[in-house]
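Just data_4.cif here, mmCIF, C-alpha atoms:
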```
data_query
#
loop_
_atom_site.label_atom_id
_atom_site.label_comp_id
_atom_site.auth_asym_id
_atom_site.auth_seq_id
_atom_site.Cartn_x
_atom_site.Cartn_y
_atom_site.Cartn_z
CA MET A 11 16.43 26.31 13.14
CA LYS A 12 15.30 23.38 11.03
CA ARG A 13 14.00 20.46 13.07
CA ARG A 14 15.60 17.07 12.53
CA GLN A 15 13.53 14.30 11.05
CA ALA A 16 12.90 11.17 13.07
CA LEU A 17 14.97 8.83 10.88
CA GLU A 18 17.79 11.13 9.85
CA GLY A 19 21.02 9.14 9.66
CA ILE A 20 19.33 5.82 8.82
CA LYS A 21 20.55 4.49 5.45
CA VAL A 22 18.51 2.09 3.32
CA ALA A 23 19.38 0.09 0.19
CA ASP A 24 16.02 -0.62 -1.44
CA PHE A 25 16.19 -3.49 -3.96
CA SER A 26 12.45 -4.19 -3.72
CA TRP A 27 9.88 -3.51 -6.41
CA VAL A 28 6.16 -3.09 -7.21
CA ILE A 29 4.35 -2.06 -3.95
CA VAL A 30 5.03 -3.83 -0.63
CA GLY A 31 8.77 -3.24 -0.37
CA PRO A 32 8.83 0.20 -2.04
CA LEU A 33 5.86 1.47 0.00
CA SER A 34 7.43 0.21 3.23
CA MET A 35 10.70 1.96 2.49
CA LYS A 36 8.85 5.11 1.34
CA HIS A 37 7.51 5.53 4.87
CA LEU A 38 11.07 5.48 6.17
CA ALA A 39 12.20 7.89 3.44
CA ASP A 40 9.39 10.37 4.09
CA HIS A 41 10.55 10.60 7.71
CA GLY A 42 14.18 11.26 6.96
CA ALA A 43 15.93 7.98 6.17
CA THR A 44 18.30 8.15 3.19
CA VAL A 45 16.76 5.54 0.90
CA VAL A 46 18.51 4.55 -2.33
CA ARG A 47 16.15 2.86 -4.76
CA VAL A 48 18.01 0.34 -6.95
CA GLU A 49 16.48 -0.33 -10.37
CA SER A 50 17.38 -2.30 -13.46
CA HIS A 51 17.57 -0.40 -16.75
CA THR A 52 17.25 -3.63 -18.75
CA ARG A 53 14.18 -4.82 -16.86
CA PRO A 54 12.28 -1.80 -15.49
CA GLU A 55 10.08 -2.69 -12.58
CA THR A 56 6.37 -3.37 -12.99
CA SER A 57 5.17 -0.10 -11.50
CA ARG A 58 7.13 1.92 -14.10
CA LEU A 59 5.25 0.02 -16.79
CA SER A 60 1.84 0.53 -15.21
CA GLY A 61 -0.68 3.29 -15.74
CA PRO A 62 -2.25 5.70 -15.37
CA TYR A 63 0.17 7.66 -17.56
CA LYS A 64 0.48 11.43 -17.35
CA ASP A 65 -0.96 13.05 -20.49
CA ASN A 66 -1.50 9.48 -21.82
CA ILE A 67 2.19 9.22 -22.72
CA THR A 68 3.24 5.60 -22.24
CA SER A 69 6.80 5.73 -20.98
CA ILE A 70 8.61 4.66 -17.83
CA GLU A 71 8.85 8.30 -16.77
CA HIS A 72 5.15 9.08 -17.25
CA SER A 73 3.66 6.40 -14.99
CA GLY A 74 1.65 7.80 -12.12
CA PHE A 75 1.91 4.44 -10.39
CA TYR A 76 5.64 4.49 -9.64
CA PRO A 77 5.91 7.94 -7.94
CA THR A 78 3.11 7.12 -5.50
CA TYR A 79 5.20 4.45 -3.77
CA ASN A 80 8.67 5.91 -4.17
CA SER A 81 8.63 9.49 -2.94
CA SER A 82 11.60 10.88 -1.00
CA LYS A 83 14.05 8.32 -2.43
CA TYR A 84 17.27 8.61 -4.42
CA GLY A 85 17.10 6.59 -7.61
CA ILE A 86 19.96 4.69 -9.24
CA SER A 87 20.21 2.22 -12.09
CA LEU A 88 22.28 -0.93 -11.71
CA ASP A 89 22.52 -4.12 -13.75
CA LEU A 90 22.74 -6.89 -11.17
CA THR A 91 23.21 -9.54 -13.86
CA LYS A 92 26.76 -8.25 -14.41
CA PRO A 93 29.64 -8.97 -11.99
CA ARG A 94 30.53 -5.27 -11.68
CA GLY A 95 26.90 -4.52 -10.92
CA ARG A 96 26.90 -7.01 -8.07
CA GLU A 97 30.15 -5.55 -6.74
CA ILE A 98 28.58 -2.10 -6.64
CA ALA A 99 25.42 -3.53 -5.01
CA LEU A 100 27.52 -5.08 -2.27
CA ARG A 101 29.26 -1.76 -1.75
CA LEU A 102 25.87 -0.10 -1.37
CA ILE A 103 24.81 -2.76 1.14
CA MET A 104 27.95 -2.16 3.18
CA TRP A 105 26.96 1.54 3.30
CA ALA A 106 23.40 0.76 4.44
CA ASP A 107 21.79 0.05 7.80
CA VAL A 108 18.75 -1.60 6.21
CA VAL A 109 18.45 -3.72 3.05
CA ALA A 110 15.05 -4.48 1.49
CA GLU A 111 14.31 -6.94 -1.32
CA SER A 112 11.17 -8.58 -2.67
CA TYR A 113 12.43 -10.97 -5.33
CA THR A 114 11.47 -14.63 -5.66
CA PRO A 115 13.36 -16.54 -2.94
CA GLY A 116 16.86 -17.46 -4.05
CA THR A 117 17.36 -14.56 -6.45
CA MET A 118 19.54 -12.51 -4.12
CA LYS A 119 21.48 -15.66 -3.21
CA GLU A 120 22.32 -16.27 -6.87
CA TRP A 121 23.93 -12.84 -6.90
CA GLY A 122 25.74 -13.39 -3.60
CA LEU A 123 23.66 -10.65 -1.98
CA ASP A 124 21.48 -12.74 0.33
CA TYR A 125 21.39 -12.25 4.09
CA GLU A 126 23.79 -15.08 4.91
CA SER A 127 26.42 -13.72 2.51
CA VAL A 128 25.95 -10.12 3.62
CA ALA A 129 25.88 -10.89 7.36
CA LYS A 130 29.37 -12.42 7.17
CA LEU A 131 30.68 -9.03 6.05
CA LYS A 132 28.27 -6.81 7.99
CA PRO A 133 26.89 -8.63 11.07
CA ASP A 134 24.75 -5.70 12.19
CA ILE A 135 22.77 -5.43 8.93
CA ILE A 136 18.96 -5.35 9.10
CA TYR A 137 17.83 -7.34 6.08
CA VAL A 138 14.18 -7.42 4.97
CA SER A 139 12.80 -10.01 2.54
CA THR A 140 9.13 -9.68 1.61
CA CYS A 141 7.45 -11.94 -0.93
CA GLN A 142 4.18 -13.80 -1.44
CA TYR A 143 4.82 -16.87 0.70
CA GLY A 144 8.06 -16.26 2.59
CA GLN A 145 11.44 -17.80 1.88
CA TYR A 146 10.62 -21.45 2.63
CA GLY A 147 7.87 -24.00 2.10
CA PRO A 148 6.12 -25.78 -0.80
CA LEU A 149 4.86 -22.57 -2.45
CA ALA A 150 7.89 -20.37 -1.77
CA GLN A 151 9.15 -20.39 -5.36
CA LEU A 152 5.86 -19.28 -6.87
CA PRO A 153 5.86 -15.58 -7.84
CA GLY A 154 2.69 -13.54 -7.68
CA TYR A 155 0.94 -10.27 -6.96
CA GLY A 156 -1.37 -9.20 -4.15
CA GLN A 157 -4.54 -10.34 -5.92
CA LEU A 158 -3.22 -13.91 -5.79
CA ALA A 159 -2.38 -13.69 -2.09
CA ALA A 160 -5.85 -12.23 -1.45
CA ALA A 161 -7.38 -15.28 -3.11
CA LEU A 162 -5.20 -17.75 -1.21
CA SER A 163 -5.85 -15.99 2.11
CA GLY A 164 -9.61 -16.51 1.81
CA ILE A 165 -10.44 -12.85 1.34
CA SER A 166 -11.65 -13.21 -2.26
CA ASN A 167 -14.01 -16.02 -1.27
CA ALA A 168 -15.73 -13.62 1.15
CA ILE A 169 -16.20 -10.81 -1.40
CA GLY A 170 -19.28 -10.72 -3.61
CA TRP A 171 -22.93 -11.70 -3.57
CA PRO A 172 -24.16 -15.04 -2.18
CA ASP A 173 -25.57 -16.19 -5.53
CA LEU A 174 -22.59 -15.13 -7.64
CA LEU A 175 -18.96 -16.15 -8.05
CA PRO A 176 -16.23 -14.92 -5.69
CA SER A 177 -14.68 -11.57 -6.50
CA THR A 178 -11.21 -10.21 -6.07
CA ASN A 179 -10.32 -6.72 -4.93
CA ALA A 180 -9.77 -4.13 -7.61
CA ILE A 181 -6.49 -3.46 -5.82
CA ALA A 182 -3.83 -5.91 -4.69
CA HIS A 183 -5.19 -6.29 -1.15
CA THR A 184 -2.07 -7.61 0.57
CA ASP A 185 0.12 -4.88 -0.91
CA PHE A 186 -1.50 -2.38 1.42
CA ILE A 187 -1.57 -4.61 4.51
CA CYS A 188 2.01 -5.82 4.53
CA PRO A 189 3.88 -2.46 4.70
CA HIS A 190 2.41 -1.80 8.15
CA PHE A 191 4.05 -4.97 9.43
CA VAL A 192 7.34 -4.19 7.69
CA VAL A 193 7.65 -0.61 8.96
CA ALA A 194 6.77 -1.48 12.55
CA THR A 195 9.17 -4.42 12.57
CA VAL A 196 12.02 -2.46 11.01
CA MET A 197 11.61 0.20 13.68
CA ALA A 198 11.74 -2.51 16.37
CA THR A 199 14.87 -4.04 14.85
CA LEU A 200 16.58 -0.66 14.64
CA ASP A 201 15.99 -0.32 18.37
CA TYR A 202 17.21 -3.89 18.92
CA ARG A 203 20.41 -3.15 17.00
CA ARG A 204 20.91 0.06 18.94
CA ARG A 205 20.72 -1.88 22.20
CA THR A 206 22.63 -5.02 21.21
CA GLY A 207 24.77 -4.12 18.18
CA ARG A 208 23.34 -7.13 16.34
CA GLY A 209 21.58 -7.34 13.00
CA VAL A 210 18.33 -9.11 12.15
CA TYR A 211 16.86 -10.99 9.19
CA LEU A 212 13.16 -10.32 8.57
CA ASP A 213 11.32 -12.86 6.42
CA GLN A 214 7.81 -11.64 5.65
CA SER A 215 5.18 -13.90 4.13
CA GLN A 216 2.59 -11.62 2.57
CA LEU A 217 0.07 -14.46 2.63
CA GLU A 218 0.40 -14.79 6.42
CA ALA A 219 -0.07 -11.05 6.86
CA ALA A 220 -3.29 -11.26 4.85
CA VAL A 221 -4.62 -14.17 6.92
CA HIS A 222 -3.88 -12.12 10.05
CA PHE A 223 -6.40 -9.53 8.83
CA PHE A 224 -8.93 -12.31 8.22
CA ALA A 225 -8.82 -13.45 11.86
CA PRO A 226 -12.57 -13.47 12.80
CA PRO A 227 -13.62 -15.90 10.02
CA VAL A 228 -10.54 -18.03 10.74
CA MET A 229 -11.46 -18.23 14.43
CA ASP A 230 -15.08 -18.99 13.55
CA TYR A 231 -13.92 -21.97 11.52
CA LEU A 232 -11.55 -23.17 14.27
CA VAL A 233 -14.22 -22.89 16.97
CA ASN A 234 -17.44 -23.70 15.09
CA ASN A 235 -16.22 -25.40 11.89
CA ARG A 236 -18.20 -22.75 10.02
CA ILE A 237 -16.99 -21.41 6.67
CA MET A 238 -17.73 -17.75 6.02
CA GLU A 239 -20.15 -17.23 3.12
CA ARG A 240 -20.37 -14.27 0.79
CA GLY A 241 -22.94 -11.79 2.02
CA GLY A 242 -22.68 -8.86 -0.35
CA ASN A 243 -22.88 -5.65 1.69
CA ARG A 244 -24.57 -7.31 4.64
CA LEU A 245 -23.18 -8.16 8.04
CA PRO A 246 -24.63 -10.90 10.31
CA TYR A 247 -24.94 -8.62 13.33
CA ALA A 248 -26.13 -5.37 11.72
CA ALA A 249 -29.31 -4.27 9.93
CA PRO A 250 -29.56 -2.16 7.93
CA HIS A 251 -26.00 -2.47 6.67
CA GLY A 252 -25.21 -1.42 3.13
CA ALA A 253 -24.66 1.27 0.53
CA TYR A 254 -27.86 3.10 -0.40
CA PRO A 255 -28.64 5.09 -3.57
CA CYS A 256 -28.68 8.87 -3.31
CA ARG A 257 -29.65 11.76 -5.57
CA GLY A 258 -27.32 12.19 -8.52
CA ASN A 259 -25.50 9.95 -10.95
CA ASP A 260 -24.14 6.83 -9.23
CA ARG A 261 -24.09 8.44 -5.79
CA TRP A 262 -24.26 6.29 -2.66
CA CYS A 263 -24.04 6.52 1.11
CA ALA A 264 -23.04 3.66 3.41
CA ILE A 265 -25.21 3.26 6.52
CA VAL A 266 -24.60 0.87 9.42
CA VAL A 267 -26.98 0.11 12.31
CA PHE A 268 -25.90 -2.27 15.08
CA SER A 269 -28.11 -1.45 18.08
CA ASP A 270 -31.71 -0.57 18.86
CA GLU A 271 -30.53 2.89 19.88
CA GLU A 272 -28.94 3.40 16.47
CA TRP A 273 -32.13 2.10 14.84
CA ARG A 274 -34.12 4.80 16.65
CA GLY A 275 -31.55 7.35 15.47
CA LEU A 276 -32.03 6.16 11.88
CA CYS A 277 -35.79 6.48 12.19
CA ASP A 278 -35.46 10.02 13.59
CA ALA A 279 -33.07 11.02 10.79
CA MET A 280 -35.64 9.85 8.22
CA GLY A 281 -38.46 11.74 9.97
CA ASN A 282 -40.02 8.56 11.42
CA PRO A 283 -41.99 7.48 8.33
CA GLU A 284 -44.96 5.25 9.01
CA TRP A 285 -43.24 2.03 7.94
CA THR A 286 -40.62 2.39 10.70
CA GLN A 287 -43.41 1.75 13.26
CA ASP A 288 -44.18 -1.68 11.79
CA PRO A 289 -43.68 -4.30 14.56
CA LYS A 290 -41.59 -6.48 12.25
CA PHE A 291 -38.83 -3.85 12.37
CA ALA A 292 -39.01 -3.34 16.15
CA THR A 293 -36.22 -5.79 17.00
CA PHE A 294 -32.88 -6.67 15.48
CA LEU A 295 -34.07 -10.19 14.65
CA GLY A 296 -37.14 -8.77 12.98
CA ARG A 297 -35.08 -6.34 10.91
CA LYS A 298 -32.75 -9.14 9.93
CA GLU A 299 -35.60 -11.43 8.88
CA ASN A 300 -37.05 -8.65 6.72
CA GLU A 301 -33.76 -7.22 5.46
CA ASP A 302 -34.67 -7.18 1.76
CA GLU A 303 -37.72 -5.03 2.44
CA LEU A 304 -35.79 -2.90 4.94
CA ASP A 305 -33.03 -2.13 2.41
CA ARG A 306 -35.65 -1.23 -0.21
CA LEU A 307 -37.45 1.18 2.13
CA VAL A 308 -34.27 2.86 3.33
CA GLY A 309 -33.19 3.26 -0.29
CA GLN A 310 -36.50 4.85 -1.19
CA TRP A 311 -35.75 7.53 1.40
CA THR A 312 -32.05 8.11 0.66
CA ILE A 313 -32.64 8.58 -3.07
CA ASN A 314 -34.29 11.95 -2.31
CA PHE A 315 -31.10 13.43 -0.83
CA THR A 316 -27.50 13.86 -1.84
CA ALA A 317 -25.02 11.41 -0.32
CA GLU A 318 -23.53 14.24 1.75
CA GLU A 319 -26.97 15.18 3.11
CA VAL A 320 -27.73 11.58 4.07
CA MET A 321 -24.37 11.29 5.84
CA SER A 322 -24.93 14.50 7.80
CA LEU A 323 -28.49 13.63 8.78
CA MET A 324 -27.45 10.17 9.98
CA GLN A 325 -24.35 11.26 11.85
CA ALA A 326 -26.33 13.98 13.64
CA LYS A 327 -28.46 11.18 15.12
CA GLY A 328 -25.54 8.99 16.11
CA VAL A 329 -25.79 6.62 13.15
CA ALA A 330 -22.57 5.56 11.37
CA ALA A 331 -22.74 6.76 7.77
CA GLY A 332 -20.30 7.81 5.10
CA VAL A 333 -20.35 8.99 1.50
CA VAL A 334 -19.10 6.40 -0.98
CA GLU A 335 -16.49 8.72 -2.43
CA ASP A 336 -15.10 8.54 -5.92
CA LEU A 337 -11.65 9.88 -6.76
CA LYS A 338 -12.94 13.38 -7.48
CA ASP A 339 -14.57 13.42 -4.04
CA MET A 340 -11.31 12.37 -2.42
CA PHE A 341 -9.38 15.22 -4.01
CA GLU A 342 -12.01 17.62 -2.69
CA ASP A 343 -12.51 15.95 0.69
CA PRO A 344 -12.36 18.67 3.41
CA GLN A 345 -10.75 16.35 5.97
CA LEU A 346 -7.95 15.29 3.62
CA LYS A 347 -7.47 18.94 2.67
CA HIS A 348 -7.29 19.96 6.32
CA TYR A 349 -4.39 17.57 6.92
CA GLY A 350 -2.71 18.37 3.63
CA PHE A 351 -2.75 14.71 2.72
CA LEU A 352 -2.56 15.35 -1.02
CA ARG A 353 0.67 17.12 -1.86
CA TYR A 354 2.17 18.41 -5.08
CA PHE A 355 5.81 18.12 -6.10
CA GLU A 356 7.67 18.89 -9.30
CA HIS A 357 8.62 15.73 -11.18
CA PRO A 358 11.60 16.09 -13.57
CA VAL A 359 9.60 14.80 -16.54
CA MET A 360 5.89 15.04 -15.70
CA GLY A 361 5.99 18.43 -14.04
CA GLU A 362 3.82 19.04 -10.99
CA ILE A 363 1.94 15.91 -9.92
CA SER A 364 0.03 14.89 -6.80
CA TYR A 365 1.39 12.59 -4.11
CA GLN A 366 -0.16 10.94 -1.11
CA GLY A 367 1.30 12.40 2.05
CA PRO A 368 2.52 10.22 4.94
CA PRO A 369 -0.41 8.37 6.56
CA PHE A 370 0.86 9.22 10.04
CA ARG A 371 2.41 12.29 11.64
CA LEU A 372 4.95 12.50 14.44
CA SER A 373 4.43 15.14 17.12
CA LYS A 374 8.04 16.27 17.51
CA THR A 375 9.63 15.65 14.12
CA PRO A 376 8.43 16.71 10.65
CA ASP A 377 8.32 14.60 7.52
CA GLY A 378 10.39 15.73 4.55
CA GLN A 379 8.63 14.25 1.54
CA PHE A 380 9.91 15.09 -1.94
CA SER A 381 9.37 13.89 -5.51
CA ALA A 382 10.10 10.33 -6.61
CA PRO A 383 13.14 9.88 -8.88
CA CYS A 384 13.43 9.17 -12.57
CA LEU A 385 15.39 6.08 -13.57
CA GLY A 386 19.03 6.62 -12.59
CA GLN A 387 18.39 10.26 -11.68
CA HIS A 388 20.77 10.21 -8.72
CA ASN A 389 23.49 7.97 -10.16
CA GLU A 390 26.21 10.59 -9.83
CA TYR A 391 25.23 11.64 -6.31
CA VAL A 392 24.94 8.09 -4.96
CA TYR A 393 27.95 6.55 -6.70
CA LYS A 394 30.23 9.53 -6.16
CA GLU A 395 29.10 11.19 -2.94
CA LEU A 396 27.68 8.26 -0.96
CA LEU A 397 29.83 5.37 -2.20
CA GLY A 398 32.98 7.30 -3.04
CA LEU A 399 33.50 6.14 -6.63
CA SER A 400 35.80 8.27 -8.77
CA ASP A 401 34.76 9.95 -12.01
CA GLU A 402 36.86 7.38 -13.89
CA GLU A 403 35.09 4.46 -12.19
CA ILE A 404 31.67 5.93 -12.93
CA ALA A 405 32.68 6.46 -16.57
CA GLU A 406 33.75 2.82 -16.81
CA LEU A 407 30.40 1.67 -15.39
CA LEU A 408 28.58 3.76 -17.98
CA ILE A 409 30.70 2.37 -20.83
CA GLU A 410 30.08 -1.19 -19.63
CA LYS A 411 26.34 -0.40 -19.28
CA VAL A 412 26.40 -1.40 -15.63
CA ILE A 413 24.63 1.90 -14.94
CA THR A 414 22.73 4.33 -17.16
CA THR A 415 20.03 6.96 -16.99
CA GLU A 416 17.91 5.53 -19.80
CA ALA A 417 16.05 2.25 -20.02
CA ASP A 418 17.69 -0.24 -22.35
CA LEU A 419 14.50 -1.54 -23.95
CA PRO A 420 13.76 -2.51 -27.57
CA GLU A 421 10.21 -1.20 -27.08
CA PHE A 422 7.93 -0.04 -24.29
CA LYS A 423 5.39 -2.66 -23.30
CA PRO A 424 3.00 -1.36 -20.64
CA SER A 425 1.75 -3.95 -18.16
CA THR A 426 -1.68 -2.26 -17.95
#
```
Rendering of file as C-alpha cells:
Amino acid sequence: MKRRQALEGIKVADFSWVIVGPLSMKHLADHGATVVRVESHTRPETSRLSGPYKDNITSIEHSGFYPTYNSSKYGISLDLTKPRGREIALRLIMWADVVAESYTPGTMKEWGLDYESVAKLKPDIIYVSTCQYGQYGPLAQLPGYGQLAAALSGISNAIGWPDLLPSTNAIAHTDFICPHFVVATVMATLDYRRRTGRGVYLDQSQLEAAVHFFAPPVMDYLVNNRIMERGGNRLPYAAPHGAYPCRGNDRWCAIVVFSDEEWRGLCDAMGNPEWTQDPKFATFLGRKENEDELDRLVGQWTINFTAEEVMSLMQAKGVAAGVVEDLKDMFEDPQLKHYGFLRYFEHPVMGEISYQGPPFRLSKTPDGQFSAPCLGQHNEYVYKELLGLSDEEIAELLIEKVITTEADLPEFKPST
C-alpha cells in the first residue's frame, strides 16, 4: 500500500518567479501538495532565460536553472494582462488553499488578484507575498534580485579582504535564506486555518530575512557601536581559520581551530613539527598575533597532501576540517550519494537531468518528487480536470492567446 505524502490534499496557486517563491513552493510540492505554476508565455520568467543550458541550446526549455526550483509542479501558461486571463487566475485562486506571488508590490492589485480582493471571495485563503522589501515603506516599489538585498543587508560589506573592496556573493544570498521562513510560516498558517477556519496574509521582506541571518554583527553594533570589518577567511576568535592549499590543481581544505585542545589536535595531525613548539604559538592570543606566519606554516604542511587526506587527518584528531568541494566533488560526494540527494528525472525536452532532492526528510511520509514542467505542459489537465473548463472554453482561450504551450517571443534573449 502506497504511503500518503505529508501535504496531500493541499492545493497551491504559484504565481511567483525566479527563486524565493518557486523554491518555497517546490518544498511543498515535493511533499505532496498539488502546486500549479502559473507562467506568462509573452514574458517568460527570468529563470527560464538563465543558464546553464543543456547541450548549450539557448531556449526556455533547455535552461538548467528553471527545473532546479520547480520540480513536482504542474505548469500552465496564462496571460494575466488580458481580462480572460485574470478571470481564469481568479478561478485558480478559488481552487487553491495557498497563493504565492513575488511581483513588485501593487502588481497583483492592478489585476484584482491581491489579498484584499481575494479574501472577500475566499476568507480562508493563505496568501503569500515575498519581495525584496515587503509591501510597504520607502523602498517597497524598487525591484531587485538577491544580490541587491545582500548588499543592503550588510552581508556584502563583510565579504572580502580588509584591503580590498567589498564583494558580493556569487549567488543571490537572500534567495536561499528566505524560503526557509516561507515554508515554516506556511505550515504554521495551515495549522492555524485548520484550527480557526480563517485565512492569513503573509508579507515577507527578503531584506529583513537577510538581516536576521546577520544578527551577531548587528548586535555588536547595537551594544558596542562597532562596525564589522572585512576579514577575509579569518575569524576574531579562531586561529588558524582559513582555507589551505593542498596537493593538486586548485585544491583546498578549510581548517578551523577555536580552543587550545583543538590546537593540540592540529599539531598532532601534522606530526608535531618543530615550529609548533614555538612559545609564540602556545596561546590563542599568541597565535592570533602571529596569524600571517601561522597560516603560511600550516599551508606549507597541507600542500603535501590531498584535500581529502588533510580533512581525514584533522577530523581524526578532533579538528574541524572540510574539503573545499567543486561541483564535480559534490556529484561524487559519498554523503550526498548515501542520502540520494542528487536525483535524475526525465524532462520532456532535455531528457534525463539531475535534480536536487528535498533538503529534509520526514520519518513517516515519503516525498514524491518528479520532473519540472515545460511551459504550459499541463494546460489541459489543470484547466479541464482541476478547474472544470470545457473543451470549447479551452479552445477559445487558445484562439485568444490567453493560454498556449509555446512562448510568444520575437527572439530568445538569455539573461545570462
Enumerate, as a compact mmCIF listing (two decimals) with C-alpha atoms, in the frame of the given file, the residues matched when the PyMOL selection byres ((chain A and resi 367-382) around 9) is run on the file above.
```txt
# COMPACT_ATOMS: atom_id res chain seq x y z
CA ARG A 13 14.00 20.46 13.07
CA ARG A 14 15.60 17.07 12.53
CA GLN A 15 13.53 14.30 11.05
CA ALA A 16 12.90 11.17 13.07
CA LYS A 36 8.85 5.11 1.34
CA HIS A 37 7.51 5.53 4.87
CA ALA A 39 12.20 7.89 3.44
CA ASP A 40 9.39 10.37 4.09
CA HIS A 41 10.55 10.60 7.71
CA GLY A 42 14.18 11.26 6.96
CA TYR A 76 5.64 4.49 -9.64
CA PRO A 77 5.91 7.94 -7.94
CA THR A 78 3.11 7.12 -5.50
CA TYR A 79 5.20 4.45 -3.77
CA ASN A 80 8.67 5.91 -4.17
CA SER A 81 8.63 9.49 -2.94
CA SER A 82 11.60 10.88 -1.00
CA LYS A 83 14.05 8.32 -2.43
CA TYR A 84 17.27 8.61 -4.42
CA GLY A 85 17.10 6.59 -7.61
CA GLY A 350 -2.71 18.37 3.63
CA PHE A 351 -2.75 14.71 2.72
CA LEU A 352 -2.56 15.35 -1.02
CA ARG A 353 0.67 17.12 -1.86
CA TYR A 354 2.17 18.41 -5.08
CA PHE A 355 5.81 18.12 -6.10
CA GLU A 356 7.67 18.89 -9.30
CA HIS A 357 8.62 15.73 -11.18
CA PRO A 358 11.60 16.09 -13.57
CA ILE A 363 1.94 15.91 -9.92
CA TYR A 365 1.39 12.59 -4.11
CA GLN A 366 -0.16 10.94 -1.11
CA PRO A 383 13.14 9.88 -8.88
CA CYS A 384 13.43 9.17 -12.57
```
Practice task
Could you jot down the atom CA of Trp171 of chain A to atom CA of Asn243 of chain A separation for me, Å, one decimal place?
Solution key: 8.0 Å
Exercise for the section: Evaluate the PyMOL selection byres ((chain A and resi 393-405) around 12) here and jot the selected residues down as number ranges by chain. Expected result: A: 21-23, 44-46, 48, 84-88, 94-95, 97-106, 386-392, 406-414
Practice task
Compare A:Pro226, A:Gly242, A:Ala160, A:Leu17 by their minimum atom-to-atom distance to Asp201 of chain A, counting only C-alpha atoms, and give me the closest one.
Solution key: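 Once distances to Asp201 of chain A are computed over only C-alpha atoms, the minimum belongs to A:Leu17.
In terms of minimum interatomic distance to His251 of chain A, A:Asp302 ranks closest within A:Glu218, A:Glu120, A:Asp213, A:Asp302, counting all atoms listed in the file.
Running the PyMOL selection byres ((chain A and resi 142) around 6) on this file leaves Cys141, Tyr143, Ser215, Gln216 and Leu217 of chain A selected.
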